[in-house]
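Source file input.cif; content: mmCIF, C-alpha atoms; chains and numbers go by the auth columns.
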data_data
loop_
_atom_site.group_PDB
_atom_site.id
_atom_site.type_symbol
_atom_site.label_atom_id
_atom_site.label_comp_id
_atom_site.label_asym_id
_atom_site.label_seq_id
_atom_site.Cartn_x
_atom_site.Cartn_y
_atom_site.Cartn_z
_atom_site.B_iso_or_equiv
_atom_site.auth_seq_id
_atom_site.auth_asym_id
ATOM 1 C CA MET A 1 -18.344 13.407 7.289 0.00 1 A
ATOM 2 C CA THR A 2 -16.823 11.261 10.023 0.00 2 A
ATOM 3 C CA ASN A 3 -18.023 10.440 13.483 0.00 3 A
ATOM 4 C CA GLN A 4 -17.246 13.356 15.811 0.00 4 A
ATOM 5 C CA THR A 5 -16.420 10.932 18.625 0.00 5 A
ATOM 6 C CA ILE A 6 -13.733 9.336 16.475 0.00 6 A
ATOM 7 C CA ASP A 7 -12.463 12.707 15.247 0.00 7 A
ATOM 8 C CA LYS A 8 -11.903 13.819 18.864 0.00 8 A
ATOM 9 C CA ARG A 9 -9.463 10.930 19.365 0.00 9 A
ATOM 10 C CA MET A 10 -7.137 12.322 16.717 0.00 10 A
ATOM 11 C CA GLU A 11 -4.186 14.465 17.720 0.00 11 A
ATOM 12 C CA ARG A 12 -3.736 16.015 14.297 0.00 12 A
ATOM 13 C CA VAL A 13 -4.545 15.377 10.671 0.00 13 A
ATOM 14 C CA LEU A 14 -1.421 14.765 8.582 0.00 14 A
ATOM 15 C CA TYR A 15 -3.081 14.322 5.190 0.00 15 A
ATOM 16 C CA SER A 16 -6.593 15.589 4.526 0.00 16 A
ATOM 17 C CA GLN A 17 -9.206 13.865 2.408 0.00 17 A
ATOM 18 C CA ASP A 18 -8.574 16.380 -0.388 0.00 18 A
ATOM 19 C CA GLU A 19 -4.782 15.952 -0.222 0.00 19 A
ATOM 20 C CA ILE A 20 -5.161 12.172 -0.419 0.00 20 A
ATOM 21 C CA ALA A 21 -7.563 12.404 -3.361 0.00 21 A
ATOM 22 C CA SER A 22 -5.140 14.680 -5.191 0.00 22 A
ATOM 23 C CA ARG A 23 -2.153 12.385 -4.628 0.00 23 A
ATOM 24 C CA VAL A 24 -4.133 9.251 -5.576 0.00 24 A
ATOM 25 C CA ALA A 25 -5.229 10.952 -8.809 0.00 25 A
ATOM 26 C CA ALA A 26 -1.612 11.896 -9.581 0.00 26 A
ATOM 27 C CA LEU A 27 -0.420 8.346 -8.876 0.00 27 A
ATOM 28 C CA GLY A 28 -3.144 6.909 -11.111 0.00 28 A
ATOM 29 C CA ALA A 29 -2.208 9.292 -13.914 0.00 29 A
ATOM 30 C CA GLN A 30 1.484 8.406 -13.606 0.00 30 A
ATOM 31 C CA ILE A 31 0.782 4.652 -13.593 0.00 31 A
ATOM 32 C CA THR A 32 -1.498 5.059 -16.627 0.00 32 A
ATOM 33 C CA HIS A 33 1.211 7.005 -18.457 0.00 33 A
ATOM 34 C CA ASP A 34 3.979 4.581 -17.529 0.00 34 A
ATOM 35 C CA TYR A 35 2.099 1.446 -18.541 0.00 35 A
ATOM 36 C CA THR A 36 0.650 2.855 -21.775 0.00 36 A
ATOM 37 C CA HIS A 37 3.217 5.361 -23.080 0.00 37 A
ATOM 38 C CA ASN A 38 6.521 4.636 -21.331 0.00 38 A
ATOM 39 C CA GLY A 39 6.718 0.943 -22.121 0.00 39 A
ATOM 40 C CA TYR A 40 6.748 -0.363 -18.548 0.00 40 A
ATOM 41 C CA SER A 41 4.698 -3.368 -19.705 0.00 41 A
ATOM 42 C CA ARG A 42 6.823 -6.478 -20.082 0.00 42 A
ATOM 43 C CA ASP A 43 4.080 -9.138 -20.279 0.00 43 A
ATOM 44 C CA PRO A 44 4.841 -11.119 -23.467 0.00 44 A
ATOM 45 C CA GLN A 45 1.094 -11.704 -23.988 0.00 45 A
ATOM 46 C CA GLY A 46 0.169 -8.040 -23.504 0.00 46 A
ATOM 47 C CA ARG A 47 -2.230 -8.717 -20.642 0.00 47 A
ATOM 48 C CA PRO A 48 -3.382 -5.869 -18.362 0.00 48 A
ATOM 49 C CA LEU A 49 -1.329 -4.699 -15.417 0.00 49 A
ATOM 50 C CA LYS A 50 -2.116 -6.766 -12.302 0.00 50 A
ATOM 51 C CA LEU A 51 -2.378 -4.804 -9.072 0.00 51 A
ATOM 52 C CA VAL A 52 -1.779 -6.842 -5.925 0.00 52 A
ATOM 53 C CA CYS A 53 -3.410 -5.303 -2.865 0.00 53 A
ATOM 54 C CA VAL A 54 -1.776 -6.075 0.472 0.00 54 A
ATOM 55 C CA LEU A 55 -4.651 -6.650 2.862 0.00 55 A
ATOM 56 C CA ARG A 56 -6.098 -5.207 4.946 0.00 56 A
ATOM 57 C CA GLY A 57 -4.805 -1.683 5.045 0.00 57 A
ATOM 58 C CA ALA A 58 -4.327 -1.055 1.330 0.00 58 A
ATOM 59 C CA MET A 59 -7.900 -1.971 0.371 0.00 59 A
ATOM 60 C CA VAL A 60 -9.199 1.614 0.622 0.00 60 A
ATOM 61 C CA PHE A 61 -6.205 2.940 -1.323 0.00 61 A
ATOM 62 C CA LEU A 62 -6.619 0.276 -4.028 0.00 62 A
ATOM 63 C CA ALA A 63 -10.320 1.062 -4.458 0.00 63 A
ATOM 64 C CA ASP A 64 -9.556 4.729 -5.126 0.00 64 A
ATOM 65 C CA LEU A 65 -6.382 4.089 -7.125 0.00 65 A
ATOM 66 C CA ILE A 66 -7.898 1.719 -9.695 0.00 66 A
ATOM 67 C CA ARG A 67 -10.554 4.314 -10.500 0.00 67 A
ATOM 68 C CA GLN A 68 -7.768 6.760 -11.349 0.00 68 A
ATOM 69 C CA ILE A 69 -5.945 4.411 -13.741 0.00 69 A
ATOM 70 C CA SER A 70 -7.168 4.923 -17.303 0.00 70 A
ATOM 71 C CA THR A 71 -6.001 1.651 -18.790 0.00 71 A
ATOM 72 C CA ASP A 72 -7.038 -1.963 -18.334 0.00 72 A
ATOM 73 C CA VAL A 73 -6.084 -3.430 -14.964 0.00 73 A
ATOM 74 C CA GLU A 74 -6.799 -6.553 -12.981 0.00 74 A
ATOM 75 C CA TYR A 75 -6.344 -6.988 -9.261 0.00 75 A
ATOM 76 C CA ASP A 76 -5.826 -9.671 -6.654 0.00 76 A
ATOM 77 C CA PHE A 77 -5.287 -9.741 -2.898 0.00 77 A
ATOM 78 C CA ILE A 78 -2.597 -11.091 -0.604 0.00 78 A
ATOM 79 C CA TYR A 79 -2.647 -11.004 3.181 0.00 79 A
ATOM 80 C CA VAL A 80 0.527 -11.145 5.237 0.00 80 A
ATOM 81 C CA SER A 81 1.158 -10.578 8.905 0.00 81 A
ATOM 82 C CA SER A 82 4.340 -9.066 10.275 0.00 82 A
ATOM 83 C CA TYR A 83 3.354 -9.247 13.910 0.00 83 A
ATOM 84 C CA GLY A 84 3.584 -12.973 14.648 0.00 84 A
ATOM 85 C CA ASN A 85 4.417 -13.942 18.213 0.00 85 A
ATOM 86 C CA GLY A 86 6.959 -11.178 18.786 0.00 86 A
ATOM 87 C CA THR A 87 9.941 -13.533 18.946 0.00 87 A
ATOM 88 C CA SER A 88 11.330 -12.753 15.494 0.00 88 A
ATOM 89 C CA PRO A 89 11.612 -9.068 14.637 0.00 89 A
ATOM 90 C CA GLY A 90 10.908 -8.603 10.943 0.00 90 A
ATOM 91 C CA ALA A 91 9.270 -12.021 10.597 0.00 91 A
ATOM 92 C CA VAL A 92 6.494 -12.067 8.012 0.00 92 A
ATOM 93 C CA ARG A 93 3.908 -14.806 7.626 0.00 93 A
ATOM 94 C CA LEU A 94 1.617 -15.491 4.680 0.00 94 A
ATOM 95 C CA VAL A 95 -2.039 -15.593 5.757 0.00 95 A
ATOM 96 C CA LYS A 96 -3.763 -15.547 2.334 0.00 96 A
ATOM 97 C CA ASP A 97 -2.000 -16.060 -0.970 0.00 97 A
ATOM 98 C CA LEU A 98 -2.980 -14.731 -4.382 0.00 98 A
ATOM 99 C CA ASP A 99 -5.916 -16.430 -6.082 0.00 99 A
ATOM 100 C CA LEU A 100 -4.436 -16.281 -9.584 0.00 100 A
ATOM 101 C CA PRO A 101 -0.918 -16.850 -10.940 0.00 101 A
ATOM 102 C CA ILE A 102 1.392 -13.956 -11.768 0.00 102 A
ATOM 103 C CA TYR A 103 3.681 -15.884 -14.118 0.00 103 A
ATOM 104 C CA GLN A 104 4.842 -13.517 -16.891 0.00 104 A
ATOM 105 C CA ARG A 105 2.452 -10.784 -15.661 0.00 105 A
ATOM 106 C CA ASP A 106 3.291 -7.155 -14.914 0.00 106 A
ATOM 107 C CA VAL A 107 2.677 -6.832 -11.172 0.00 107 A
ATOM 108 C CA LEU A 108 2.191 -3.653 -9.165 0.00 108 A
ATOM 109 C CA ILE A 109 2.187 -4.247 -5.405 0.00 109 A
ATOM 110 C CA VAL A 110 -0.182 -1.765 -3.721 0.00 110 A
ATOM 111 C CA GLU A 111 0.574 -0.983 -0.066 0.00 111 A
ATOM 112 C CA ASP A 112 -0.935 1.489 2.369 0.00 112 A
ATOM 113 C CA ILE A 113 2.344 2.176 4.192 0.00 113 A
ATOM 114 C CA ILE A 114 5.912 0.937 3.938 0.00 114 A
ATOM 115 C CA ASP A 115 7.970 1.439 7.048 0.00 115 A
ATOM 116 C CA THR A 116 10.611 -1.149 8.042 0.00 116 A
ATOM 117 C CA GLY A 117 10.572 -2.730 4.583 0.00 117 A
ATOM 118 C CA HIS A 118 10.355 -6.315 5.879 0.00 118 A
ATOM 119 C CA THR A 119 6.898 -7.011 4.429 0.00 119 A
ATOM 120 C CA LEU A 120 7.723 -5.555 1.037 0.00 120 A
ATOM 121 C CA ASP A 121 11.029 -7.431 0.901 0.00 121 A
ATOM 122 C CA TYR A 122 9.180 -10.673 1.735 0.00 122 A
ATOM 123 C CA LEU A 123 6.607 -10.034 -0.996 0.00 123 A
ATOM 124 C CA ARG A 124 9.164 -9.099 -3.654 0.00 124 A
ATOM 125 C CA ARG A 125 11.240 -12.205 -2.973 0.00 125 A
ATOM 126 C CA GLY A 126 8.143 -14.428 -2.931 0.00 126 A
ATOM 127 C CA PHE A 127 6.813 -12.958 -6.157 0.00 127 A
ATOM 128 C CA ALA A 128 10.186 -13.105 -7.928 0.00 128 A
ATOM 129 C CA VAL A 129 10.259 -16.926 -7.743 0.00 129 A
ATOM 130 C CA ARG A 130 6.886 -16.972 -9.539 0.00 130 A
ATOM 131 C CA ASP A 131 8.599 -15.392 -12.577 0.00 131 A
ATOM 132 C CA PRO A 132 6.448 -12.321 -13.249 0.00 132 A
ATOM 133 C CA ALA A 133 7.292 -10.118 -16.240 0.00 133 A
ATOM 134 C CA SER A 134 7.913 -7.187 -13.873 0.00 134 A
ATOM 135 C CA ILE A 135 7.377 -6.163 -10.250 0.00 135 A
ATOM 136 C CA ARG A 136 6.866 -2.580 -9.152 0.00 136 A
ATOM 137 C CA VAL A 137 5.580 -1.022 -5.935 0.00 137 A
ATOM 138 C CA CYS A 138 3.052 1.712 -5.177 0.00 138 A
ATOM 139 C CA THR A 139 2.529 2.916 -1.618 0.00 139 A
ATOM 140 C CA LEU A 140 0.397 5.685 -0.258 0.00 140 A
ATOM 141 C CA VAL A 141 2.816 6.439 2.594 0.00 141 A
ATOM 142 C CA ASP A 142 6.565 5.877 2.546 0.00 142 A
ATOM 143 C CA LYS A 143 7.765 6.026 6.148 0.00 143 A
ATOM 144 C CA ARG A 144 11.494 6.071 5.382 0.00 144 A
ATOM 145 C CA VAL A 145 12.503 7.021 8.901 0.00 145 A
ATOM 146 C CA ARG A 146 11.670 3.451 10.042 0.00 146 A
ATOM 147 C CA ARG A 147 13.417 1.595 7.202 0.00 147 A
ATOM 148 C CA GLU A 148 15.426 -1.462 8.279 0.00 148 A
ATOM 149 C CA VAL A 149 15.570 -3.234 4.913 0.00 149 A
ATOM 150 C CA PRO A 150 16.405 -1.317 1.738 0.00 150 A
ATOM 151 C CA VAL A 151 13.464 -1.540 -0.683 0.00 151 A
ATOM 152 C CA GLU A 152 12.705 0.085 -4.011 0.00 152 A
ATOM 153 C CA ILE A 153 9.445 2.023 -4.253 0.00 153 A
ATOM 154 C CA ASP A 154 8.311 3.103 -7.699 0.00 154 A
ATOM 155 C CA TYR A 155 5.271 5.211 -6.751 0.00 155 A
ATOM 156 C CA SER A 156 4.826 7.017 -3.450 0.00 156 A
ATOM 157 C CA GLY A 157 1.956 9.252 -2.365 0.00 157 A
ATOM 158 C CA PHE A 158 3.500 10.830 0.711 0.00 158 A
ATOM 159 C CA VAL A 159 6.907 10.576 2.396 0.00 159 A
ATOM 160 C CA MET A 160 6.986 10.701 6.208 0.00 160 A
ATOM 161 C CA ASP A 161 10.182 11.950 7.811 0.00 161 A
ATOM 162 C CA LYS A 162 8.892 11.600 11.389 0.00 162 A
ATOM 163 C CA ASN A 163 8.294 8.360 13.240 0.00 163 A
ATOM 164 C CA GLU A 164 4.619 8.880 14.025 0.00 164 A
ATOM 165 C CA PHE A 165 1.953 6.210 14.313 0.00 165 A
ATOM 166 C CA ILE A 166 -0.807 6.984 11.835 0.00 166 A
ATOM 167 C CA VAL A 167 -4.372 5.798 11.281 0.00 167 A
ATOM 168 C CA GLY A 168 -7.133 6.366 8.768 0.00 168 A
ATOM 169 C CA TYR A 169 -7.764 5.719 5.078 0.00 169 A
ATOM 170 C CA GLY A 170 -7.416 1.971 5.640 0.00 170 A
ATOM 171 C CA MET A 171 -4.705 2.093 8.308 0.00 171 A
ATOM 172 C CA ASP A 172 -5.680 0.961 11.772 0.00 172 A
ATOM 173 C CA TYR A 173 -4.881 0.730 15.419 0.00 173 A
ATOM 174 C CA GLY A 174 -6.414 -2.432 16.868 0.00 174 A
ATOM 175 C CA GLU A 175 -8.577 -2.774 13.723 0.00 175 A
ATOM 176 C CA LEU A 176 -10.161 0.648 14.381 0.00 176 A
ATOM 177 C CA TYR A 177 -9.998 3.912 12.418 0.00 177 A
ATOM 178 C CA ARG A 178 -9.711 2.350 8.932 0.00 178 A
ATOM 179 C CA ASN A 179 -12.903 4.199 7.951 0.00 179 A
ATOM 180 C CA LEU A 180 -11.505 7.709 8.423 0.00 180 A
ATOM 181 C CA PRO A 181 -11.301 9.599 5.110 0.00 181 A
ATOM 182 C CA TYR A 182 -8.045 11.287 6.191 0.00 182 A
ATOM 183 C CA ILE A 183 -4.753 10.161 7.788 0.00 183 A
ATOM 184 C CA ALA A 184 -4.021 11.337 11.315 0.00 184 A
ATOM 185 C CA THR A 185 -2.108 10.630 14.502 0.00 185 A
ATOM 186 C CA LEU A 186 -3.940 9.344 17.557 0.00 186 A
ATOM 187 C CA LYS A 187 -3.881 11.177 20.865 0.00 187 A
ATOM 188 C CA PRO A 188 -1.520 9.333 23.244 0.00 188 A
ATOM 189 C CA GLU A 189 -4.332 8.395 25.654 0.00 189 A
ATOM 190 C CA TYR A 190 -5.922 6.237 22.932 0.00 190 A
ATOM 191 C CA ILE A 191 -2.780 4.179 22.336 0.00 191 A
ATOM 192 C CA ARG A 192 -2.596 1.254 24.716 0.00 192 A
#
Could you render the structure from this file as structure tokens?
Amino acid sequence: MTNQTIDKRMERVLYSQDEIASRVAALGAQITHDYTHNGYSRDPQGRPLKLVCVLRGAMVFLADLIRQISTDVEYDFIYVSSYGNGTSPGAVRLVKDLDLPIYQRDVLIVEDIIDTGHTLDYLRRGFAVRDPASIRVCTLVDKRVRREVPVEIDYSGFVMDKNEFIVGYGMDYGELYRNLPYIATLKPEYIR
């Protein structure tokens, strides 16, 4: 149950708590299948898949996703900012790097939403020079309508065809609304 005051700020719910849970379960099952039966693992030492959570938004998604993966996994966190000072559209800056190396590891980048593609492109290029065994991407929301940089997404929960600003399930507006169990659009009067 969410706070009724917060709920009243939402224009409409795009993906309900049940719809999200269903998609996360399906993604977890597919990742489990791919990394145990389909031979997606490339790590020469046979170590577990390493999920890399892009902070802060993907934290909620990661927490639910790892509980739906029925094989050994490890995880780490990276924090990047794509907002900067507004002078360089698409500029991405590293705020917090990974704690552990990914050399020769199978890496699955976990994102809450991919829109322009700049952040994912930055991460893929940065990870590639660290020589992982493989790099794949899982996002809860693929907002293709905003794509500026072509990026490959291996696992996608939902595809958005409209350019709407969304909040909830880890995604925020001004650091608020991450705690909503669903994904919704804000009423215009709450967007500054």
- Item | From A:Ile69, A:Ile78, A:Val145, A:Leu55, residue lying nearest Ala29 in chain A [only C-alpha atoms] | A:Ile69
Give the padded box for range 66-79 of chain A as JSON: axis-aligned, covering all atoms listed in the file, 4 Å on each side, centre and edge lengths in Å to one decimal.
{"center_x": -6.6, "center_y": -2.2, "center_z": -7.8, "size_x": 16.0, "size_y": 25.9, "size_z": 30.0}
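Residues captured in this structure file are Leu49, Lys50, Leu51, Val52, Asp106, Val107, Ile109, Val110, Ile135, Arg136, Val137 and Cys138 of chain A, according to the PyMOL selection byres ((chain A and resi 108) around 8).
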- Message: Report as a PyMOL selection string all protein, DNA and RNA residues lying within 8 Å of range 181-184 of chain A, evaluated on only C-alpha atoms, omitting residues in the same chain fewer than 3 positions from it.
- Response: chain A and resi 2+10-17+20+166-169
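The smallest atom-to-atom distance between Tyr40 in chain A and any of A:Val141, A:Ala133, A:Leu180, A:Met59, using only C-alpha atoms, is found for A:Ala133.
Comparing A:Arg178, A:Arg105, A:His37, A:Lys143 by their smallest distance to Lys162 in chain A, the closest is A:Lys143 (using only C-alpha atoms).
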